[in-house]
Structure formats: structure tokens, C-alpha cells
Protein chains: 2
Amino acid sequence: MSTRLTLRLDFETGRRLGPGKIALLEAIRRTGSISAAGRELCMAYRRAWLLVDELNHTFEDPLIETRGGGRNGGGATLTGLGERVVALYRAAETKVHKSTMAEIRKMERSLAPALPDE
Amino acid sequence: MSTRLTLRLDFETGRRLGPGKIALLEAIRRTGSISAAGRELCMAYRRAWLLVDELNHTFEDPLIETRGGGRNGGGATLTGLGERVVALYRAAETKVHKSTMAEIRKMERSLAPALPDE
């Protein structure tokens, strides 16, 4: 059995970082575009842009850099800090998995049967 | 600086467990009542009961036991399994804090200034 663990960070500055924003950063890296990344995550165009704006104000420097033309003209890439934040979050997540394995296994052994598929 | 970390578990059975449900379990233990627990967490009465119902179907046995009369008549306590699940979750959370401290500190050093108070 494999329980999925997700980690949410609430910084003292009032900003937050969780699995949705990290997935968006990784999709931007993969697709080179904010709108393509949004589509890949089934996220409304406007929502993807709002999250990018929030991410770019969470740390002292932007995490995402946009280049070139209008709405569909340019591209987007992660900055060095963007790459670093993704790597730190994923490293933390791996440690979370390892460090909590014993507790998770104990909970799994007492779970009720699976919900029927809808 | 102290970043708040929260842990969410998505079990393969389709059930989930996170900070809200654990806080509700702890409030029920503290107050001895589902409705008082809901009030303490500023949660609508109906929502508290729905979460209790969900919690009582997540594991092979109930986590919360109700006794006595009608809506406001009886009381509620955690079962042995309820106590165990709370303890396992909090133990996992402590391990999460310890194991991810290095990554969190590195992120904190690059944070933008705090958001102004609203």
C-alpha cells in the first residue's frame, strides 16, 4: 500500500508553498510556457498567472522569468532560485516519506476497505 | 523564524487525513462533545458531524464514540483507535519538522519581506 503524503509550508511572512505551486513550477520548466503548464495541470489560464505572480513575490527574487511577446508570444523558464526552491521542496518531501514511514504503515494497517469506485 | 509545516495523508483507500480532522479529534477529546469541538474550531455544526462521520469510516473501527441523548444531550469521546491515530499523526508531524529543518531554513533565508498586515 502506498499513502501519498503532501507537505504544506506556511511561512511567517504570510506566504505559502504547497504541492500545487510546486507542480506548476515543474510544469513551467517542462513546457517552457505558463499557459501550457496551466493546461497540463487543468488549471484556468488566469489561475496559473495568479499563482506565478504569487510565487514571484514569495522569495526575495522571482522564481519564474517570462520572455518575449504577448499572451502567447513569449516563453517562461525557472530562474536559478526557482530551480533551487523546487529542489529543496522535493528533497524535504523525500525526507518526510522516509522519516514518517513507521507511523504511516501503522495507520495503513488499521484502514477501512477502499471506497467503491464512482 | 518558524515556518509552519502541515502534513496531509491521502490513503490508497480514497480516504484522507490532515490537520483539520486531527484538530477536530483533539477538540472532541478536550471538550467531550462534537458540537463544542466544532464551536471551538469555528466550524459549522453540520460540518463537524460530517467530518466525524468521515473519520469513523476511514479506519476499520470508529475513532469517535458518542453517548447518550439527542443533538445536545450526549457526549463524545475518542476511542482507543482514535487516540492512537492522533498520536501517530502528531508523532509523524514531529519527525517531519526534524527531518526537513535544513531545507526549510534554506528557503527561509531567501524569503521576501512579510506581507503587510491587513
# chains A, B, ... in the order shown; residues from 1 in each chain; ligands from 1
call {"tool": "residues_around", "arguments": {"residues": "Phe59 in chain A", "least_positions_apart": "5", "cutoff": "9 Å", "atoms": "only C-alpha atoms", "output": "PyMOL selection string"}}
result
(chain A and resi 81) or (chain B and resi 107-113)
call {"tool": "write_last_selection", "arguments": {"atoms": "C-alpha atoms", "output": "PDB file, in the first residue's frame"}}
result
ATOM      1  CA  LEU A  81      16.179  30.466  -7.331  1.00  0.00           C
TER       2      LEU A  81
ATOM      3  CA  MET B 107      14.100  28.536   1.964  1.00  0.00           C
ATOM      4  CA  GLU B 108      13.542  30.940   4.870  1.00  0.00           C
ATOM      5  CA  ARG B 109      16.830  32.678   4.115  1.00  0.00           C
ATOM      6  CA  SER B 110      15.536  33.627   0.635  1.00  0.00           C
ATOM      7  CA  LEU B 111      12.041  34.787   1.608  1.00  0.00           C
ATOM      8  CA  ALA B 112      10.644  38.139   0.580  1.00  0.00           C
ATOM      9  CA  PRO B 113       9.665  40.518   3.424  1.00  0.00           C
TER      10      PRO B 113
END
call {"tool": "select_by_dssp", "arguments": {"residues": "chain B", "states": "helix (DSSP H, G or I)", "output": "NGL selection string"}}
result
:B and (19-31 or 34-40 or 45-55 or 80-99 or 101-109)
call {"tool": "interface_residues", "arguments": {"of": "chain B", "to": "chain A", "cutoff": "10 Å", "atoms": "only C-alpha atoms", "output": "ChimeraX atom specification"}}
result
/B:1-18,56-62,81,84-85,87-104,106-117
call {"tool": "atom_distance", "arguments": {"atom1": "CA of Asp53 in chain A", "atom2": "CA of Ala23 in chain A"}}
result
15.1 Å
call {"tool": "atom_distance", "arguments": {"atom1": "CA of Glu83 in chain A", "atom2": "CA of Arg29 in chain A"}}
result
8.8 Å
